[in-house]
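One structure is given here, and the rest of the page talks about it.
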Amino acid sequence: FWLKGNLQTHCSPNQLLIPQRSLVASFHSFLFAMVKSIVDPSLTPRMHHFHIVGRAAPTQKNPVPKIYRMQLFAKSKVLAKSRFWYFMKKMNKAKKSGGELLAINELFDPKPNKVNNYGIWLRYESRTNTHNMYKEYRDVTINGAVGQMYMEMAGRHRAHPNTIQIINTATLKDDECKRDHVTEMHGAGLKYPVIRKVPMQSKKYRTTFKAKRPNTFVH
């Protein structure tokens, strides 16, 4: 009804000769756009993986400065560039005002539907000292694993995200994992217990009301 009313109001007679299949496809794309706009933002990946290439600006003293490239995790491209210049200032005293970016690319996992083991080497600053850590996570993407790491560091160690520096990340094989919460998920014979199993009642005994409370689980 909505589609028909809009066609009668806004379309010319020549435009009404569109095939019915294309009208249905356009209507479905409109519904998909509506659904896409109201997706819960908490279900989207919070961290993004960026590859940034930059250098200090050429000068008469150094006409061909050394080029640096980094892989950074950040919530947006703006924060990734800010993080890049933070490390550049520490390494070779190159600031944003006296430097230039050569490339900014976002990296994606080739198989985002496969669960992998990820190892993360990091350094963070507490209120008393600087600490090195090694963490392991299971996730479908490296972005999800890094997001888990930030949440765990905030909950267990009260580490602020700005004080965390990711040194290295790697995809691990099953025999390379060390943490118990990761190794317990390995093995081809992995099985999960049936917490609740409701048996099917034969059709002749199915009724709306029962005089006796039904048994909804199997011992």
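Every chain in the structure tokens takes a letter, A first, then B, and so on in the order presented; its residues are numbered from 1, and the ligands are numbered from 1 following the presented order.
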
Polymer residues at most 6 Å from segment 113-120 of chain A, only C-alpha atoms, same-chain spacing of 6 or more positions, as a list in words: Tyr134, Lys135, Glu136, Tyr137, Arg138, Asp139, Val140, Asn168, Thr169, Ala170, Thr171 and Leu172 of chain A

Within 9 Å of Lys75 of chain A using only C-alpha atoms, minus same-chain residues under 6 positions, as number ranges by chain: A: 45-49

Pull the alpha helix (DSSP H) assignments for segment 51-215 of chain A out of DSSP run on the backbone, and list those residues as an NGL selection string. :A and (77-92 or 142-156 or 180-183)

Shortest contact to Leu79 of chain A, candidates A:Phe108, A:Tyr205, A:Trp121, A:Phe50, atoms counted only C-alpha atoms, goes to A:Phe50

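The gap separating atom CA of Thr141 of chain A from atom CA of Thr163 of chain A is 23.1 Å, in Å to one decimal.
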
When distances are computed from only C-alpha atoms, which of A:Ala94, A:Ala74, A:Met88, A:Ala103 shows the smallest separation from Ala57 of chain A? A:Ala94

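The coordinates place atom CA of Phe87 of chain A at 12.3 Å from atom CA of Asn162 of chain A.
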